[in-house]
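Data block for coords_8.cif (mmCIF, C-alpha atoms and all ligand atoms):
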```cif
data_protein
loop_
_atom_site.label_atom_id
_atom_site.label_comp_id
_atom_site.auth_asym_id
_atom_site.auth_seq_id
_atom_site.Cartn_x
_atom_site.Cartn_y
_atom_site.Cartn_z
CA MET T 2 5.03 12.47 0.51
CA ASN T 3 5.04 15.44 -1.84
CA VAL T 4 2.07 14.69 -4.10
CA LEU T 5 1.36 16.55 -7.32
CA VAL T 6 -2.37 16.38 -8.06
CA THR T 7 -3.38 17.21 -11.64
CA GLY T 8 -7.02 18.32 -11.80
CA GLY T 9 -6.86 18.81 -8.03
CA ALA T 10 -9.53 21.54 -8.06
CA GLY T 11 -12.09 19.22 -9.70
CA PHE T 12 -14.77 17.09 -8.07
CA ILE T 13 -12.78 13.97 -7.16
CA GLY T 14 -9.41 15.77 -7.06
CA SER T 15 -10.52 18.29 -4.43
CA HIS T 16 -11.78 15.59 -2.07
CA THR T 17 -8.58 13.61 -2.61
CA CYS T 18 -6.46 16.68 -1.77
CA VAL T 19 -8.32 16.97 1.55
CA GLU T 20 -7.67 13.29 2.35
CA LEU T 21 -4.00 13.62 1.39
CA LEU T 22 -3.52 16.68 3.62
CA GLU T 23 -5.36 15.02 6.49
CA ASN T 24 -3.04 12.02 6.14
CA GLY T 25 0.13 14.07 6.44
CA HIS T 26 1.01 14.50 2.77
CA ASP T 27 1.94 17.79 1.07
CA VAL T 28 -0.06 18.74 -1.99
CA ILE T 29 0.77 20.61 -5.18
CA ILE T 30 -2.26 21.24 -7.38
CA VAL T 31 -1.95 21.69 -11.14
CA ASP T 32 -5.23 22.75 -12.75
CA ASN T 33 -6.21 24.91 -15.72
CA PHE T 34 -9.70 25.52 -14.26
CA SER T 35 -11.37 24.41 -17.48
CA ASN T 36 -13.98 22.62 -15.35
CA SER T 37 -13.48 23.98 -11.83
CA LYS T 38 -13.12 27.18 -9.86
CA GLN T 39 -10.20 28.61 -7.94
CA ILE T 40 -12.30 29.07 -4.80
CA CYS T 41 -12.26 25.31 -4.47
CA VAL T 42 -8.56 25.43 -3.61
CA GLU T 43 -9.27 27.84 -0.73
CA ARG T 44 -12.00 25.49 0.46
CA ILE T 45 -9.61 22.52 0.44
CA GLU T 46 -7.23 24.53 2.63
CA GLN T 47 -10.09 25.59 4.91
CA ILE T 48 -11.25 22.00 5.49
CA ALA T 49 -7.78 20.54 6.00
CA GLY T 50 -6.36 23.55 7.91
CA LYS T 51 -3.24 23.33 5.75
CA LYS T 52 -1.93 25.20 2.67
CA VAL T 53 -1.45 23.71 -0.78
CA GLN T 54 0.69 24.97 -3.63
CA LEU T 55 -1.28 25.94 -6.71
CA TYR T 56 -0.10 26.13 -10.32
CA SER T 57 -2.81 27.43 -12.68
CA ILE T 58 -1.44 25.74 -15.77
CA ASP T 59 -2.41 23.25 -18.43
CA ILE T 60 -0.67 19.87 -18.20
CA ARG T 61 -0.05 20.05 -21.96
CA ASP T 62 2.17 23.09 -21.42
CA ARG T 63 5.45 21.19 -21.16
CA ALA T 64 7.56 24.19 -20.15
CA ALA T 65 5.17 25.24 -17.38
CA LEU T 66 4.86 21.67 -16.13
CA SER T 67 8.64 21.26 -16.11
CA ARG T 68 8.88 24.35 -13.89
CA VAL T 69 6.60 22.65 -11.35
CA PHE T 70 9.00 19.71 -11.16
CA GLU T 71 11.98 22.07 -11.16
CA GLU T 72 10.61 23.99 -8.17
CA ASN T 73 9.41 20.97 -6.16
CA SER T 74 10.66 17.54 -5.35
CA VAL T 75 7.62 15.54 -6.45
CA ASP T 76 7.37 11.99 -5.07
CA CYS T 77 4.17 10.97 -6.81
CA VAL T 78 1.52 12.25 -9.22
CA ILE T 79 -2.19 11.60 -8.84
CA HIS T 80 -3.55 12.27 -12.30
CA PHE T 81 -7.17 13.47 -12.52
CA ALA T 82 -6.86 16.16 -15.21
CA GLY T 83 -8.91 15.43 -18.30
CA TYR T 84 -12.30 15.85 -19.88
CA LYS T 85 -15.05 13.44 -18.85
CA ALA T 86 -18.36 14.13 -20.62
CA VAL T 87 -19.31 10.99 -22.55
CA GLY T 88 -21.83 12.68 -24.91
CA GLU T 89 -19.50 15.56 -25.75
CA SER T 90 -16.70 13.09 -26.50
CA VAL T 91 -18.84 11.49 -29.21
CA LYS T 92 -19.35 14.90 -30.87
CA LEU T 93 -15.82 16.23 -30.30
CA PRO T 94 -13.52 13.19 -30.21
CA LEU T 95 -10.36 15.14 -31.03
CA LYS T 96 -10.91 17.48 -28.09
CA TYR T 97 -10.93 14.39 -25.83
CA TYR T 98 -7.99 12.58 -27.42
CA GLN T 99 -6.01 15.84 -27.44
CA ASN T 100 -6.53 16.69 -23.80
CA ASN T 101 -6.67 13.25 -22.19
CA ILE T 102 -4.06 11.41 -24.25
CA THR T 103 -1.65 14.24 -25.12
CA GLY T 104 -1.95 15.63 -21.61
CA THR T 105 -1.06 12.27 -20.07
CA ILE T 106 1.88 11.65 -22.41
CA THR T 107 3.33 15.11 -21.77
CA LEU T 108 2.95 14.56 -18.04
CA LEU T 109 4.64 11.14 -18.19
CA GLU T 110 7.53 12.50 -20.24
CA VAL T 111 8.12 15.32 -17.79
CA MET T 112 7.87 12.90 -14.84
CA GLU T 113 10.42 10.59 -16.49
CA GLN T 114 12.72 13.56 -17.14
CA TYR T 115 12.67 14.46 -13.43
CA GLY T 116 12.94 10.86 -12.20
CA CYS T 117 9.45 10.81 -10.68
CA ARG T 118 8.08 7.35 -11.46
CA MET T 119 5.00 6.91 -9.33
CA MET T 120 1.50 7.58 -10.68
CA VAL T 121 -2.04 7.00 -9.49
CA PHE T 122 -4.40 7.31 -12.46
CA SER T 123 -8.15 8.02 -12.60
CA SER T 124 -9.52 5.25 -14.72
CA SER T 125 -13.13 4.21 -14.94
CA ALA T 126 -15.49 1.25 -14.89
CA THR T 127 -16.16 2.23 -18.49
CA VAL T 128 -13.02 0.25 -19.49
CA TYR T 129 -14.97 -2.98 -18.86
CA GLY T 130 -17.01 -2.20 -21.99
CA PRO T 131 -20.43 -3.60 -22.89
CA GLU T 132 -19.65 -7.34 -22.96
CA ASN T 133 -18.33 -8.31 -19.54
CA PRO T 134 -20.68 -9.95 -17.02
CA ILE T 135 -21.33 -8.26 -13.66
CA PRO T 136 -19.87 -7.78 -11.14
CA TYR T 137 -16.77 -6.47 -12.88
CA VAL T 138 -13.52 -8.13 -11.80
CA GLU T 139 -10.07 -6.66 -12.52
CA THR T 140 -8.98 -9.78 -14.42
CA MET T 141 -11.64 -9.22 -17.13
CA LYS T 142 -10.74 -7.97 -20.61
CA THR T 143 -10.79 -4.18 -20.91
CA ASN T 144 -10.33 -3.47 -24.58
CA GLU T 145 -13.73 -2.39 -25.80
CA ALA T 146 -14.96 1.09 -24.95
CA THR T 147 -18.22 2.47 -26.35
CA ASN T 148 -17.29 6.15 -26.78
CA PRO T 149 -14.16 8.30 -27.28
CA TYR T 150 -14.03 9.26 -23.59
CA GLY T 151 -14.02 5.58 -22.65
CA TRP T 152 -11.36 4.87 -25.26
CA THR T 153 -9.08 7.50 -23.69
CA LYS T 154 -9.23 5.51 -20.44
CA VAL T 155 -8.59 2.18 -22.22
CA MET T 156 -5.69 3.75 -24.15
CA ILE T 157 -4.11 5.49 -21.17
CA GLU T 158 -4.27 2.27 -19.16
CA GLN T 159 -2.43 0.56 -22.03
CA ILE T 160 0.14 3.35 -22.30
CA LEU T 161 0.86 2.97 -18.59
CA ARG T 162 1.14 -0.83 -18.81
CA ASP T 163 3.54 -0.46 -21.75
CA LEU T 164 5.59 2.11 -19.86
CA SER T 165 5.84 -0.16 -16.85
CA ALA T 166 6.88 -3.13 -19.03
CA ALA T 167 9.64 -1.02 -20.59
CA GLN T 168 10.69 0.75 -17.38
CA PRO T 169 10.21 -1.54 -14.37
CA ALA T 170 11.16 1.29 -11.99
CA TRP T 171 7.65 2.76 -12.39
CA SER T 172 4.90 2.23 -9.78
CA ILE T 173 1.44 2.72 -11.27
CA ALA T 174 -2.04 2.36 -9.83
CA LEU T 175 -4.97 2.30 -12.27
CA LEU T 176 -8.04 3.09 -10.19
CA ARG T 177 -11.27 2.12 -11.88
CA TYR T 178 -13.95 4.31 -10.38
CA PHE T 179 -17.58 3.34 -10.41
CA ASN T 180 -20.14 6.18 -9.98
CA PRO T 181 -18.85 8.84 -7.58
CA ILE T 182 -21.51 11.05 -6.00
CA GLY T 183 -21.99 13.00 -2.76
CA ALA T 184 -19.86 15.79 -1.39
CA HIS T 185 -17.65 16.59 1.58
CA PRO T 186 -19.76 16.51 4.77
CA SER T 187 -18.65 20.11 5.49
CA GLY T 188 -20.68 21.23 2.47
CA LEU T 189 -17.69 23.27 1.29
CA ILE T 190 -16.72 21.21 -1.75
CA GLY T 191 -18.78 19.01 -4.06
CA GLU T 192 -19.89 18.51 -7.63
CA ASP T 193 -20.94 21.70 -9.37
CA PRO T 194 -21.32 21.10 -13.13
CA GLN T 195 -21.96 23.97 -15.55
CA GLY T 196 -25.23 23.95 -17.53
CA ILE T 197 -27.65 21.04 -17.65
CA PRO T 198 -26.03 18.05 -15.95
CA ASN T 199 -25.52 14.78 -17.82
CA ASN T 200 -25.12 12.63 -14.73
CA LEU T 201 -27.93 11.39 -12.54
CA VAL T 202 -27.28 12.91 -9.12
CA PRO T 203 -26.32 16.42 -10.29
CA TYR T 204 -29.54 16.39 -12.36
CA ILE T 205 -31.65 15.24 -9.41
CA ALA T 206 -30.03 17.97 -7.30
CA LYS T 207 -31.23 20.63 -9.74
CA VAL T 208 -34.75 19.21 -9.61
CA ALA T 209 -34.52 19.39 -5.82
CA THR T 210 -33.54 23.09 -5.94
CA GLY T 211 -36.29 23.84 -8.46
CA GLU T 212 -33.84 24.83 -11.23
CA LEU T 213 -35.07 21.94 -13.36
CA GLU T 214 -38.64 20.74 -13.51
CA SER T 215 -38.39 16.97 -13.46
CA LEU T 216 -35.92 14.12 -13.88
CA GLY T 217 -36.06 12.16 -17.11
CA VAL T 218 -35.57 8.50 -16.16
CA PHE T 219 -33.82 6.90 -19.13
CA GLY T 220 -35.73 3.64 -19.50
CA ASN T 221 -37.82 1.53 -17.09
CA ASP T 222 -37.80 -1.67 -19.12
CA TYR T 223 -34.32 -2.98 -18.30
CA ASP T 224 -33.92 -6.43 -16.77
CA THR T 225 -33.36 -4.96 -13.28
CA PRO T 226 -35.54 -5.13 -10.14
CA ASP T 227 -37.54 -1.97 -10.96
CA GLY T 228 -36.67 -1.75 -14.66
CA THR T 229 -34.42 1.32 -14.31
CA GLY T 230 -30.62 1.34 -14.74
CA VAL T 231 -28.46 0.04 -11.90
CA ARG T 232 -25.06 1.51 -10.96
CA ASP T 233 -22.53 1.24 -8.15
CA TYR T 234 -22.69 4.71 -6.54
CA ILE T 235 -19.78 5.52 -4.26
CA HIS T 236 -19.35 8.46 -1.88
CA VAL T 237 -16.62 10.74 -3.20
CA VAL T 238 -15.01 10.86 0.27
CA ASP T 239 -14.69 7.05 0.24
CA LEU T 240 -13.22 7.27 -3.25
CA ALA T 241 -10.74 9.92 -2.08
CA ALA T 242 -9.65 7.68 0.81
CA GLY T 243 -9.02 4.91 -1.73
CA HIS T 244 -6.44 7.17 -3.41
CA VAL T 245 -4.45 7.56 -0.21
CA LYS T 246 -4.43 3.77 0.20
CA ALA T 247 -3.37 3.32 -3.43
CA LEU T 248 -0.57 5.83 -2.92
CA ASP T 249 0.68 3.87 0.10
CA TYR T 250 0.57 0.70 -1.98
CA ALA T 251 2.37 2.25 -4.95
CA ALA T 252 5.11 3.55 -2.65
CA ARG T 253 5.81 -0.07 -1.63
CA HIS T 254 5.33 -1.88 -4.98
CA LYS T 255 6.72 -1.45 -8.49
CA GLY T 256 4.66 -2.38 -11.54
CA VAL T 257 0.99 -1.83 -12.36
CA LEU T 258 -1.94 -2.29 -10.00
CA GLU T 259 -5.43 -2.36 -11.50
CA VAL T 260 -8.15 -1.98 -8.92
CA ASN T 261 -11.88 -1.25 -8.75
CA LEU T 262 -13.09 1.47 -6.41
CA GLY T 263 -16.78 0.85 -5.85
CA THR T 264 -19.05 -0.36 -3.07
CA GLY T 265 -19.96 -3.67 -4.70
CA ARG T 266 -23.66 -2.77 -4.44
CA GLY T 267 -25.95 -1.64 -7.23
CA SER T 268 -28.76 0.93 -6.86
CA SER T 269 -31.41 1.80 -9.42
CA VAL T 270 -32.28 5.25 -10.73
CA LEU T 271 -35.53 5.24 -8.77
CA GLU T 272 -33.80 4.11 -5.56
CA ILE T 273 -31.42 7.07 -5.85
CA LEU T 274 -34.28 9.44 -6.63
CA HIS T 275 -36.21 8.29 -3.55
CA ALA T 276 -33.11 8.49 -1.33
CA TYR T 277 -32.65 12.08 -2.54
CA GLU T 278 -36.28 12.86 -1.75
CA ARG T 279 -35.65 11.74 1.83
CA ALA T 280 -32.50 13.90 1.96
CA CYS T 281 -34.14 17.09 0.68
CA GLY T 282 -37.45 16.48 2.43
CA HIS T 283 -39.81 16.72 -0.51
CA GLU T 284 -41.04 14.74 -3.49
CA LEU T 285 -39.20 15.08 -6.78
CA ALA T 286 -40.99 14.93 -10.13
CA TYR T 287 -39.87 12.44 -12.75
CA GLN T 288 -40.93 11.20 -16.15
CA ILE T 289 -40.04 7.92 -17.82
CA LYS T 290 -38.10 8.62 -21.03
CA PRO T 291 -36.64 6.31 -23.69
CA ARG T 292 -33.38 4.54 -22.93
CA ARG T 293 -30.26 6.70 -23.40
CA ALA T 294 -28.06 5.49 -26.29
CA GLY T 295 -24.99 3.61 -25.07
CA ASP T 296 -26.27 2.98 -21.51
CA LEU T 297 -25.80 -0.47 -20.00
CA PRO T 298 -28.62 -1.99 -17.92
CA ALA T 299 -26.53 -2.58 -14.80
CA PHE T 300 -22.97 -2.69 -13.54
CA TYR T 301 -21.22 -2.79 -10.19
CA ALA T 302 -17.81 -3.68 -8.82
CA ASP T 303 -16.27 -6.78 -7.36
CA THR T 304 -14.43 -5.14 -4.47
CA THR T 305 -12.36 -8.11 -3.25
CA LYS T 306 -9.05 -6.86 -4.65
CA ALA T 307 -9.33 -3.40 -3.09
CA LYS T 308 -10.08 -4.97 0.29
CA GLU T 309 -7.25 -7.49 0.08
CA LEU T 310 -4.48 -5.38 -1.44
CA LEU T 311 -5.31 -1.88 -0.22
CA GLY T 312 -7.20 -2.67 2.98
CA TRP T 313 -9.82 -0.27 1.67
CA GLU T 314 -13.59 -0.53 1.71
CA ALA T 315 -16.35 2.01 1.09
CA ARG T 316 -18.20 3.04 4.26
CA PHE T 317 -20.91 5.50 3.27
CA THR T 318 -24.48 4.51 2.41
CA ILE T 319 -26.71 5.85 -0.35
CA GLU T 320 -28.61 7.86 2.29
CA GLU T 321 -25.36 9.53 3.36
CA MET T 322 -24.31 10.19 -0.24
CA CYS T 323 -27.62 11.98 -0.96
CA ARG T 324 -27.55 13.82 2.38
CA ASP T 325 -24.05 15.19 1.68
CA SER T 326 -24.88 16.09 -1.92
CA TRP T 327 -27.97 18.01 -0.78
CA ASN T 328 -26.05 19.70 2.03
CA PHE T 329 -23.52 21.01 -0.52
CA VAL T 330 -26.12 22.03 -3.11
CA LYS T 331 -28.24 23.85 -0.51
CA ARG T 332 -25.21 25.74 0.72
CA GLN T 333 -24.25 26.78 -2.82
CA MET T 334 -27.78 28.02 -3.36
CA GLU T 335 -27.75 30.04 -0.13
CA GLU T 336 -24.37 31.56 -1.01
CA ALA T 337 -25.65 32.63 -4.44
CA GLU T 338 -28.64 34.46 -2.92
P1 LIG Z 401 -13.62 17.28 -12.98
O1 LIG Z 401 -13.89 17.82 -14.35
O2 LIG Z 401 -14.39 17.83 -11.84
O3 LIG Z 401 -12.06 17.42 -12.66
C1 LIG Z 401 -11.06 17.42 -13.64
C2 LIG Z 401 -10.14 18.62 -13.37
O4 LIG Z 401 -9.10 18.63 -14.33
C3 LIG Z 401 -10.86 19.97 -13.50
O5 LIG Z 401 -10.57 20.76 -12.35
C4 LIG Z 401 -10.29 20.60 -14.77
O6 LIG Z 401 -10.26 22.00 -14.69
C5 LIG Z 401 -8.90 19.96 -14.80
N1 LIG Z 401 -8.31 19.83 -16.15
C6 LIG Z 401 -8.86 19.31 -17.26
N2 LIG Z 401 -7.99 19.32 -18.27
C7 LIG Z 401 -6.83 19.88 -17.79
C8 LIG Z 401 -5.57 20.17 -18.34
N3 LIG Z 401 -5.27 19.91 -19.63
N4 LIG Z 401 -4.63 20.75 -17.55
C9 LIG Z 401 -4.89 21.03 -16.25
N5 LIG Z 401 -6.08 20.77 -15.67
C10 LIG Z 401 -7.03 20.20 -16.42
O7 LIG Z 401 -13.80 15.69 -13.08
P2 LIG Z 401 -13.87 14.61 -11.91
O8 LIG Z 401 -15.25 14.08 -11.86
O9 LIG Z 401 -13.22 15.11 -10.69
O10 LIG Z 401 -12.98 13.46 -12.58
C11 LIG Z 401 -11.59 13.39 -12.36
C12 LIG Z 401 -11.01 12.25 -13.16
O11 LIG Z 401 -11.72 11.04 -12.83
C13 LIG Z 401 -11.17 12.40 -14.67
O12 LIG Z 401 -10.01 11.90 -15.29
C14 LIG Z 401 -12.35 11.54 -14.99
O13 LIG Z 401 -12.32 11.05 -16.31
C15 LIG Z 401 -12.20 10.40 -13.99
N6 LIG Z 401 -13.46 9.72 -13.71
C16 LIG Z 401 -14.55 10.43 -13.27
C17 LIG Z 401 -15.75 9.77 -13.03
C18 LIG Z 401 -16.96 10.55 -12.57
O14 LIG Z 401 -18.07 10.00 -12.67
N7 LIG Z 401 -16.83 11.76 -12.08
C19 LIG Z 401 -15.85 8.39 -13.23
C20 LIG Z 401 -14.74 7.69 -13.66
C21 LIG Z 401 -13.53 8.36 -13.89
N1 LIG Z 402 -29.87 8.60 -15.77
C1 LIG Z 402 -31.20 8.96 -15.90
N2 LIG Z 402 -31.47 10.29 -16.10
C2 LIG Z 402 -30.51 11.24 -16.17
C3 LIG Z 402 -29.16 10.86 -16.03
C4 LIG Z 402 -28.87 9.52 -15.84
O1 LIG Z 402 -32.10 8.13 -15.84
O2 LIG Z 402 -30.85 12.43 -16.37
C5 LIG Z 402 -29.55 7.17 -15.52
C6 LIG Z 402 -28.69 6.54 -16.59
O3 LIG Z 402 -29.50 6.03 -17.62
C7 LIG Z 402 -27.96 5.46 -15.78
C8 LIG Z 402 -27.80 6.09 -14.39
O4 LIG Z 402 -28.78 7.12 -14.32
O5 LIG Z 402 -28.77 4.32 -15.66
C9 LIG Z 402 -26.42 6.70 -14.15
O6 LIG Z 402 -26.11 7.60 -15.21
P1 LIG Z 402 -24.88 8.62 -15.10
O7 LIG Z 402 -24.89 9.45 -16.33
O8 LIG Z 402 -24.91 9.34 -13.80
O9 LIG Z 402 -23.61 7.67 -15.04
P2 LIG Z 402 -23.10 6.54 -16.06
O10 LIG Z 402 -23.13 5.24 -15.33
O11 LIG Z 402 -23.81 6.62 -17.34
O12 LIG Z 402 -21.60 6.99 -16.32
C10 LIG Z 402 -20.73 7.42 -15.28
C11 LIG Z 402 -19.77 8.46 -15.83
C12 LIG Z 402 -18.85 7.82 -16.84
C13 LIG Z 402 -18.16 6.65 -16.22
C14 LIG Z 402 -19.15 5.67 -15.65
C15 LIG Z 402 -18.45 4.57 -14.91
O13 LIG Z 402 -20.47 9.52 -16.43
O14 LIG Z 402 -17.88 8.74 -17.19
O15 LIG Z 402 -20.03 6.35 -14.75
O16 LIG Z 402 -17.58 5.08 -13.97
F1 LIG Z 402 -17.43 6.02 -17.16
#
```

Rewrite the coordinates I just gave you, this time as structure tokens.
Amino acid sequence: MNVLVTGGAGFIGSHTCVELLENGHDVIIVDNFSNSKQICVERIEQIAGKKVQLYSIDIRDRAALSRVFEENSVDCVIHFAGYKAVGESVKLPLKYYQNNITGTITLLEVMEQYGCRMMVFSSSATVYGPENPIPYVETMKTNEATNPYGWTKVMIEQILRDLSAAQPAWSIALLRYFNPIGAHPSGLIGEDPQGIPNNLVPYIAKVATGELESLGVFGNDYDTPDGTGVRDYIHVVDLAAGHVKALDYAARHKGVLEVNLGTGRGSSVLEILHAYERACGHELAYQIKPRRAGDLPAFYADTTKAKELLGWEARFTIEEMCRDSWNFVKRQMEEAE
């Protein structure tokens, strides 16, 4: 298929482009590089041994986006483009609603105009909100986010369900990601946030390189085995493979599919820290800090639906996720020297 990937130069998008190319699809990337670098596109081509088409545009630029559809026969869109920093979304809600919601609506209108009615959307476990019991199952209510970023995911899911109800010709997959970490085993692409990272593994990586002194562990008094927060960490390459499976499914089914992409296993902050120590070969300093506002004690996925409907299951272990993250980070550091 001819797949247009919005945000294809980003962390999850770049790994998904590699999987798509390796599975015989053609890829058109649309990215404004607000949170990624152009070199990533060259790296995708290097890994897959195949060229992609790149449009350096903003998805909110209707005329530019229309040209992409004019110049290509797009079969499906995988939609990653958007902002994702939870804390920033609390301070700058309009920035998030503007980019995530307006961007998606513009994209959908242009798709409709060109008769392209297949979308795979990057949703998040955050749509399950603070009240649902764990593990999260797709049938649970998803109408209570805790921050503007989370609300954009809840709202976009609803927009897509409404669109499908009104226009049954659409095929839509809402992929609810748990906590993607790791990097491509080649070490060529991975997660490379600007400034001080908000997320756990990018922060640990900077402690491992010596750029940051020690990890602040946000709370050790949760009702979890070691008191620290528990999440369902998933290797980004597994997550990327899930997109190819979802694309195959969407090509065969109309309507909306909601599916979790996680491993079904929870790991604590300290477990991840210790796995990273084994990967980088030295101890990493940490300090216990107060709980972070808005954090839940623990959540992980029920993965039954992904196995049954997509025939997809995560394969990589926590050790492998940390090994591949470190391999990428080390390589970046060496290149910068
Ligand atoms: P990322 O920031 O690395 O990738 C997003 C990409 O979209 C970037 O390359 C950015 O430059 C581009 N972009 C942003 N706004 C754009 C616009 N208006 N026009 C064109 N390009 C634009 O983020 P990621 O971690 O790869 O996440 C991808 C998607 O998955 C996001 O929608 C995110 O909300 C969702 N998601 C991520 C996580 C996670 O933990 N990383 C978890 C759940 C869901
Ligand atoms: N943590 C620390 N110290 C840090 C950073 C994080 O102890 O410096 C802890 C958190 O308290 C939490 C765990 O590590 O217990 C994971 O935190 P992350 O920030 O890495 O991830 P979250 O689970 O908070 O959120 C992530 C994404 C959200 C997404 C959610 C579910 O940031 O966008 O996963 O997919 F919605």

Within 9 Å of ligand LIG 402 (chain Z), counting all atoms listed in the file, residues as a ChimeraX atom specification: /T:85-87,124-128,150-151,154,177-182,198-205,216-221,229-234,269-271,273,289-290,292-300

Filtering to C-alpha atoms, could you give me those residues as a PDB file, keeping the file's coordinate frame?
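Saved to selection_14.pdb:
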```pdb
ATOM      1  CA  LYS T  85     -15.050  13.440 -18.850  1.00  0.00           C
ATOM      2  CA  ALA T  86     -18.360  14.130 -20.620  1.00  0.00           C
ATOM      3  CA  VAL T  87     -19.310  10.990 -22.550  1.00  0.00           C
ATOM      4  CA  SER T 124      -9.520   5.250 -14.720  1.00  0.00           C
ATOM      5  CA  SER T 125     -13.130   4.210 -14.940  1.00  0.00           C
ATOM      6  CA  ALA T 126     -15.490   1.250 -14.890  1.00  0.00           C
ATOM      7  CA  THR T 127     -16.160   2.230 -18.490  1.00  0.00           C
ATOM      8  CA  VAL T 128     -13.020   0.250 -19.490  1.00  0.00           C
ATOM      9  CA  TYR T 150     -14.030   9.260 -23.590  1.00  0.00           C
ATOM     10  CA  GLY T 151     -14.020   5.580 -22.650  1.00  0.00           C
ATOM     11  CA  LYS T 154      -9.230   5.510 -20.440  1.00  0.00           C
ATOM     12  CA  ARG T 177     -11.270   2.120 -11.880  1.00  0.00           C
ATOM     13  CA  TYR T 178     -13.950   4.310 -10.380  1.00  0.00           C
ATOM     14  CA  PHE T 179     -17.580   3.340 -10.410  1.00  0.00           C
ATOM     15  CA  ASN T 180     -20.140   6.180  -9.980  1.00  0.00           C
ATOM     16  CA  PRO T 181     -18.850   8.840  -7.580  1.00  0.00           C
ATOM     17  CA  ILE T 182     -21.510  11.050  -6.000  1.00  0.00           C
ATOM     18  CA  PRO T 198     -26.030  18.050 -15.950  1.00  0.00           C
ATOM     19  CA  ASN T 199     -25.520  14.780 -17.820  1.00  0.00           C
ATOM     20  CA  ASN T 200     -25.120  12.630 -14.730  1.00  0.00           C
ATOM     21  CA  LEU T 201     -27.930  11.390 -12.540  1.00  0.00           C
ATOM     22  CA  VAL T 202     -27.280  12.910  -9.120  1.00  0.00           C
ATOM     23  CA  PRO T 203     -26.320  16.420 -10.290  1.00  0.00           C
ATOM     24  CA  TYR T 204     -29.540  16.390 -12.360  1.00  0.00           C
ATOM     25  CA  ILE T 205     -31.650  15.240  -9.410  1.00  0.00           C
ATOM     26  CA  LEU T 216     -35.920  14.120 -13.880  1.00  0.00           C
ATOM     27  CA  GLY T 217     -36.060  12.160 -17.110  1.00  0.00           C
ATOM     28  CA  VAL T 218     -35.570   8.500 -16.160  1.00  0.00           C
ATOM     29  CA  PHE T 219     -33.820   6.900 -19.130  1.00  0.00           C
ATOM     30  CA  GLY T 220     -35.730   3.640 -19.500  1.00  0.00           C
ATOM     31  CA  ASN T 221     -37.820   1.530 -17.090  1.00  0.00           C
ATOM     32  CA  THR T 229     -34.420   1.320 -14.310  1.00  0.00           C
ATOM     33  CA  GLY T 230     -30.620   1.340 -14.740  1.00  0.00           C
ATOM     34  CA  VAL T 231     -28.460   0.040 -11.900  1.00  0.00           C
ATOM     35  CA  ARG T 232     -25.060   1.510 -10.960  1.00  0.00           C
ATOM     36  CA  ASP T 233     -22.530   1.240  -8.150  1.00  0.00           C
ATOM     37  CA  TYR T 234     -22.690   4.710  -6.540  1.00  0.00           C
ATOM     38  CA  SER T 269     -31.410   1.800  -9.420  1.00  0.00           C
ATOM     39  CA  VAL T 270     -32.280   5.250 -10.730  1.00  0.00           C
ATOM     40  CA  LEU T 271     -35.530   5.240  -8.770  1.00  0.00           C
ATOM     41  CA  ILE T 273     -31.420   7.070  -5.850  1.00  0.00           C
ATOM     42  CA  ILE T 289     -40.040   7.920 -17.820  1.00  0.00           C
ATOM     43  CA  LYS T 290     -38.100   8.620 -21.030  1.00  0.00           C
ATOM     44  CA  ARG T 292     -33.380   4.540 -22.930  1.00  0.00           C
ATOM     45  CA  ARG T 293     -30.260   6.700 -23.400  1.00  0.00           C
ATOM     46  CA  ALA T 294     -28.060   5.490 -26.290  1.00  0.00           C
ATOM     47  CA  GLY T 295     -24.990   3.610 -25.070  1.00  0.00           C
ATOM     48  CA  ASP T 296     -26.270   2.980 -21.510  1.00  0.00           C
ATOM     49  CA  LEU T 297     -25.800  -0.470 -20.000  1.00  0.00           C
ATOM     50  CA  PRO T 298     -28.620  -1.990 -17.920  1.00  0.00           C
ATOM     51  CA  ALA T 299     -26.530  -2.580 -14.800  1.00  0.00           C
ATOM     52  CA  PHE T 300     -22.970  -2.690 -13.540  1.00  0.00           C
TER      53      PHE T 300
END
```

Counting all atoms listed in the file, name the residues that have an atom within 7 Å of an atom of ligand LIG 401 (chain Z); the answer should be given as a PyMOL selection string. chain T and resi 7-14+31-37+58-61+81-85+100+104+123-126+177-181+192

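Taking CA of Thr264 (chain T) and CA of Asp303 (chain T) as endpoints, the distance between them is 8.2 Å.
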
Counting all atoms listed in the file, find residues at most 12 Å from (-9.0, 2.2, -19.2) (file frame) and give them as a PyMOL selection string. chain T and resi 101-102+122-130+139+141-162+174-178+259-261

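Picture a line from CA of Thr140 (chain T) to CA of Arg253 (chain T); it runs 21.8 Å.
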
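The closest residue to Gly282 (chain T), picked from T:Leu311, T:Ala170, T:Ala247, T:Ala209 and counting all atoms listed in the file, is T:Ala209.
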
So how far away is CA of Pro226 (chain T) from CA of Tyr287 (chain T), in Å? 18.3 Å

Please return as a PyMOL selection string every residue within 12 Å of (-8.4, 6.9, 1.7), taking into account all atoms listed in the file and the file's own coordinates. chain T and resi 16-24+236-250+262+307+311-316

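Shortest atom-to-atom contact with Glu278 (chain T) among T:Ile106, T:Ala251, T:Ala206, T:Met334: T:Ala206, counting all atoms listed in the file.
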
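Proximity of T:Ile135, T:Leu285, T:Ala276, T:Leu66 to Thr105 (chain T), computed with all atoms listed in the file, is greatest for T:Leu66.
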
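Omitting Tyr115 (chain T) and its sequence neighbours fewer than 6 positions away, and counting all atoms listed in the file, the residues within 10 Å are Ser67, Phe70, Glu71, Ser74, Val75 and Leu109 of chain T.
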